[in-house]
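Heads up, the thing below is written out as structure tokens.
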Amino acid sequence: MREFFKKNNAAVIVALFAAFLAVFAVLDAVIPDRERSELENRELAKSPALTFDTLISGRFSAKYEEYINDQFILRDFWIDVKSRAESLLGKTENNGIVYGRDGYMFERYVSADSRRISNNTKFIGQFCEKYGVHTTLAIVPNSYMILADKLPRGFENLDQRPLIGEIYSSLEGADGLDLFDALSARSDEYIYYRTDHHYTTLGAYAVYCEYMRSIGREPVSLDTLTAHEVGGFYGTHFSKTKLFSAVPDVITWYEIPGRSVEINGEPADGIYDLEQFGERDKYAAFLHGNNSLTVIRAEEPAETPSRILLIKDSFGNELAPFLACSFDEVWIVDLRYPEIPVSSFMEETVFDEALILYNFMNFAEDANVINITR
Amino acid sequence: MVFSSLLFLFKFLPATLLIYYVVPKKLKNLVLLIASLIFYSWGEPKYFPLMIACILVNYLAALVMERHRGKRAVLNWTIAAAVVFDLGALIFFKYSDFFISNINAVFGSSIPLLRLTLPLGISFYTFQTMAYTIDVYRGKIKAERNIINLAAFVVLFPQLIAGPIVLYDDVAAALREHRLDRQRMLEGVRLFIFGLGKKVLIANNIGALWTQTRELGFANISTPLAWMGIIAFSLQIYFDFSGYSLMAIGLGKLLGFDFPANFNFPYISKSFTEFWRRWHITLGSWFREYLYIPLGGNRRGYARMVLNTLIVWAATGFWHGANWNFLLWGLLFFVLISIEKKWLMKYLDAGKVWPHIYVVFILILSWALFDITDMPSLGVFLGRLFSFTGGSDWLYYLRNYAVSFAVAVLFCLPLVQKLYDRLKKYWIADVVILGGILFLSVAYLVDSTYNPFLYFRF
């Protein structure tokens with residue numbers, strides 16, 4: 001045996017190399033494609049259609065390579081191997097996500113688009129001028145701004161504080177709600193998820209309390225609400241890094257009884273999509289995910305029902321249930337889904353308050369804020 | 001298509017090798033040609049006719065010269081036409097916008113830029129076809145009558161994108177004989193896997209640091225981070241480029257070719273004269289053979305030799321990219337090598353440690369000149385390097401990249417090569433090393449968050 005290998009080592013190694021390529025090439029071609037990746041929480045690329053135009057323009061080639069990568073055999077296994085190798089190299093970052101202390105993950109975020117920010121701020125001013133409702137803009141700082149002691153040493157990200165200050169001072173017709181103090185005061189509590197870019201419901205509650213006080217209303221006490229916990233939550237940061245040693249998060253949600261919910265005009269089953277808590281994308285349980293227009297109504301409203309308009313990104317999904325405790329009707333708009341334009345209901349609906357809630361990164365990037373004027 | 005992709009590794013390569021090995025000898029070059037044309041056209045099918053034209057022009061020019069050997073005028077006109085075509089294609093696609101924007105700047109005109117995407121590998125294959133036709137003109141080689149053989153040489157996929165620059169003489173015999181023996185194939189497997197590892201595991205890993213440094217903005221970084229960033233780029237470009245060359249040579253051996261070596265541990269050089277004998281060797285040889293010597297080399301007096309050297313280095317710099325900084329980068333080496341030739345060399349030869357420091361230090365700065373294409377940013381960056389700016393940002397990056405730095409520096413030394421030469425006698429060790437590199441490279445390709453293609457401007 002040993003003699004055989006000694007004599008034929010060239011043939012053996014060449015054959016092993018050929019076998020490695022051949023086995024993976026054949027299996028990769030034979031094994032059926034997956035629709036989505038649970039690990040990465042996203043749809044995987046499908047085989048692109050071949051036409052003369054897409055071939056000549058090179059678009060087919062680009063799409064096809066994406067498809068090959070997404071559908072490569074044992075994709076999740078290879079990702080795990082890379083994650084372990086990276087940790088051996090001492091890397092504390094992958095795919096734009098930085099690993100902090102105690103299992104916290106943060107986005108690398110070194111610059112913001114100042115033109116987009118100033119445009120978005122102007123659109124909000126136009127909205128206020130058009131409808132005259134008392135409006136508050138609340139920009140939630142992202143986790144790395146508040147959890148400074150969880151950041152790795154020497155890691156520097158964009159300072160959002162002066163930028164949020166500038167937005168508030170240039171804002172016309174609306175009040176800016178400063179959230180740094182309220183969140184920093186609770187920075188040793190579990191107010192942001194470790195593996196996800198959102199705040200936790202506790203963080204949302206802190207923002208809610210700050211907002212209620214700013215409009216002179218009393219927030220509901222958490223003790224009066226029944227809490228439920230769902231563990232095993234791997235969020236968006238995890239989906240990007242796929243870190244093998246990630247610590248999953250726990251989602252707490254609060255029962256809000258006596259409310260009916262309507263999504264895009266159709267009745268929905270409660271504020272939460274409870275089945276979604278059993279899936280990979282657990283955050284989508286809040287408000288059944290992002291929808292154009294969601295209305296939460298008290299089943300026994302006051303004679304003149306109190307109404308609030310919440311224009312939000314996904315950070316609003318965790319906050320809306322608390323607002324539902326304080327207002328008879330909460331109208332929730334996600335401008336990224338403009339099927340039902342704001343102008344279609346603003347004339348005939350009287351709102352006591354309007355709250356525009358975004359996290360900073362999204363406010364600085366989202367190109368859909370213009371829909372607030374439509 | 002690039003080698004460091006799953007598409008190449010698990011679709012193109014197995015299919016091509018299988019068909020190439022199975023078909024009878026007569027058809028092997030045709031298979032090679034078709035596979036190479038697919039490889040070339042994959043990303044940009046619109047440049048397919050350009051390649052065909054390039055093959056036809058040089059094929060016909062060589063045949064014409066061969067037939068009219070005795071007629072000086074025919075020979076001269078034909079070679080001029082072929083070189084104008086090759087060089088013209090290169091200049092048109094690579095340098096048009098550079099010239100237009102400079103004309104606009106000088107005359108205040110506003111000629112619109114063409115914004116052409118550079119045809120894959122044009123800087124390499126035009127040099128190869130020029131060398132072929134010039135060699136036929138000189139009577140050094142015979143014109144190839146079989147168009148398939150010549151076409152296969154021009155578009156041969158292993159060295160199409162990033163060299164080595166192969167002469168027809170290097171491959172003519174292999175194109176006829178198809179030397180597919182197991183020892184050559186073993187060497188091919190080894191070199192290919194090492195090249196893949198250099199590119200995917202080392203160059204991509206360390207290169208991410210330079211990209212991050214650029215994203216932070218040169219005005220916002222500390223002096224230590226600026227140094228770490230440019231050292232990271234110095235390592236990235238070496239491992240990227242030499243890794244690619246190694247993959248090409250390995251693939252060549254799997255197909256029965258012996259391409260010339262392109263890199264030989266350049267970072268251990270003790271002078272820049274030595275560095276350019278170890279860095280991108282085939283490019284240096286090309287410029288010597290097809291530019292320096294035709295200009296008269298050193299046979300027309302000292303002044304003419306200095307001028308010739310100047311022209312060669314300006315061209316070398318400019319070949320690397322259509323921008324002023326590349327020209328300056330080339331001229332920097334003209335200055336350094338001239339100084340070395342005149343008086344520094346004897347001291348460098350005598351020195352032990354300081355010549356290495358001299359080479360590495362200036363090289364690192366030269367890479368800043370190479371990669372930062374606009375002069376104001378370069379000024380800011382050099383300011384960061386030399387006027388100390390404190391900060392703690394480098395702590396984070398040192399923690400992240402310390403191991404990668406150590407690995408990369410280690411692999412710049414011949415030590416690792418010697419170690420492997422010993423270990424490869426034990427076939428199990430060989431299998432473990434090669435298998436490990438291949439396995440990890442595939443994992444990094446599947447989850448490739450950073451896999452740049454540095455040759456888009458070559």
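A note on labels: chains of the structure tokens are A, B, ... as shown, every chain counts residues from 1, and ligands are counted from 1 in their shown order.
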
Select all residues from chain A having any atom no more than 9 Å from an atom of chain B (counting only C-alpha atoms, ignoring ligands), output as a VMD selection string. chain A and resid 5 to 6 9 to 14 16 to 18 21 to 22 24 to 26 28 to 29 55 to 62 64 to 65 68 to 70 72 75 77 to 83 85 88 to 96 110 to 111 152 to 156

Quick one: everything within 12 Å of Glu218 of chain A, counting only C-alpha atoms, minus sequence neighbours fewer than 6 positions away in the same chain. Send it as a list in words.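 After dropping sequence-adjacent residues, the list is Tyr208, Cys209, Glu210, Tyr211, Met212, Phe322, Leu323, Cys325, Ser326 and Phe327 of chain A.
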
How would the residues just chosen look if you wrote them out with N, CA and C atoms as a JSON list (two decimals), in the first residue's frame?
[["chain", "number", "residue", "atom", "x", "y", "z"],
["A", 208, "TYR", "N", -41.42, 55.22, 23.73],
["A", 208, "TYR", "CA", -42.84, 55.52, 23.87],
["A", 208, "TYR", "C", -43.09, 56.45, 25.07],
["A", 209, "CYS", "N", -42.48, 56.13, 26.22],
["A", 209, "CYS", "CA", -42.66, 56.95, 27.43],
["A", 209, "CYS", "C", -42.18, 58.37, 27.19],
["A", 210, "GLU", "N", -41.00, 58.48, 26.56],
["A", 210, "GLU", "CA", -40.43, 59.80, 26.29],
["A", 210, "GLU", "C", -41.37, 60.60, 25.39],
["A", 211, "TYR", "N", -41.94, 59.92, 24.40],
["A", 211, "TYR", "CA", -42.84, 60.59, 23.48],
["A", 211, "TYR", "C", -44.10, 61.05, 24.20],
["A", 212, "MET", "N", -44.69, 60.16, 25.01],
["A", 212, "MET", "CA", -45.95, 60.49, 25.70],
["A", 212, "MET", "C", -45.75, 61.71, 26.59],
["A", 322, "PHE", "N", -47.83, 49.83, 22.19],
["A", 322, "PHE", "CA", -47.92, 50.70, 23.35],
["A", 322, "PHE", "C", -48.82, 51.90, 23.05],
["A", 323, "LEU", "N", -48.69, 52.45, 21.82],
["A", 323, "LEU", "CA", -49.56, 53.57, 21.44],
["A", 323, "LEU", "C", -51.02, 53.14, 21.48],
["A", 325, "CYS", "N", -52.35, 51.36, 23.57],
["A", 325, "CYS", "CA", -52.83, 51.45, 24.95],
["A", 325, "CYS", "C", -53.27, 52.87, 25.29],
["A", 326, "SER", "N", -52.74, 53.85, 24.56],
["A", 326, "SER", "CA", -52.97, 55.25, 24.93],
["A", 326, "SER", "C", -53.92, 55.98, 24.00],
["A", 327, "PHE", "N", -54.19, 55.40, 22.83],
["A", 327, "PHE", "CA", -55.10, 56.06, 21.88],
["A", 327, "PHE", "C", -56.16, 55.06, 21.45]]

Residues within 10 Å of Ala320 of chain A, please, as number ranges by chain. Count only C-alpha atoms; anything in the same chain fewer than 3 positions from it doesn't count. A: 204-205, 208, 271, 286-287, 296, 310, 312, 315-317, 323-325, 330-332

Would you save the residues of that selection, restricted to C-alpha atoms, as a JSON list (two decimals), in the first residue's frame?
[["chain", "number", "residue", "atom", "x", "y", "z"],
["A", 204, "ALA", "CA", -39.45, 50.75, 22.28],
["A", 205, "TYR", "CA", -41.23, 51.28, 25.61],
["A", 208, "TYR", "CA", -42.84, 55.52, 23.87],
["A", 271, "ILE", "CA", -51.76, 42.98, 16.63],
["A", 286, "PHE", "CA", -45.14, 42.55, 15.20],
["A", 287, "LEU", "CA", -48.01, 44.11, 13.21],
["A", 296, "ILE", "CA", -55.58, 49.40, 15.40],
["A", 310, "LEU", "CA", -47.73, 56.79, 13.20],
["A", 312, "LYS", "CA", -42.65, 54.64, 10.68],
["A", 315, "PHE", "CA", -38.85, 50.34, 14.50],
["A", 316, "GLY", "CA", -42.47, 51.44, 14.77],
["A", 317, "ASN", "CA", -43.76, 47.87, 14.72],
["A", 323, "LEU", "CA", -49.56, 53.57, 21.44],
["A", 324, "ALA", "CA", -52.62, 51.35, 21.14],
["A", 325, "CYS", "CA", -52.83, 51.45, 24.95],
["A", 330, "VAL", "CA", -53.61, 54.11, 15.89],
["A", 331, "TRP", "CA", -53.16, 54.60, 12.14],
["A", 332, "ILE", "CA", -49.84, 53.16, 11.06]]

Test item: residues at most 9 Å from Phe370 of chain B, only C-alpha atoms, excluding those fewer than 4 positions along its chain, as a PyMOL selection string: chain B and resi 320+325-326+328-329+365-366
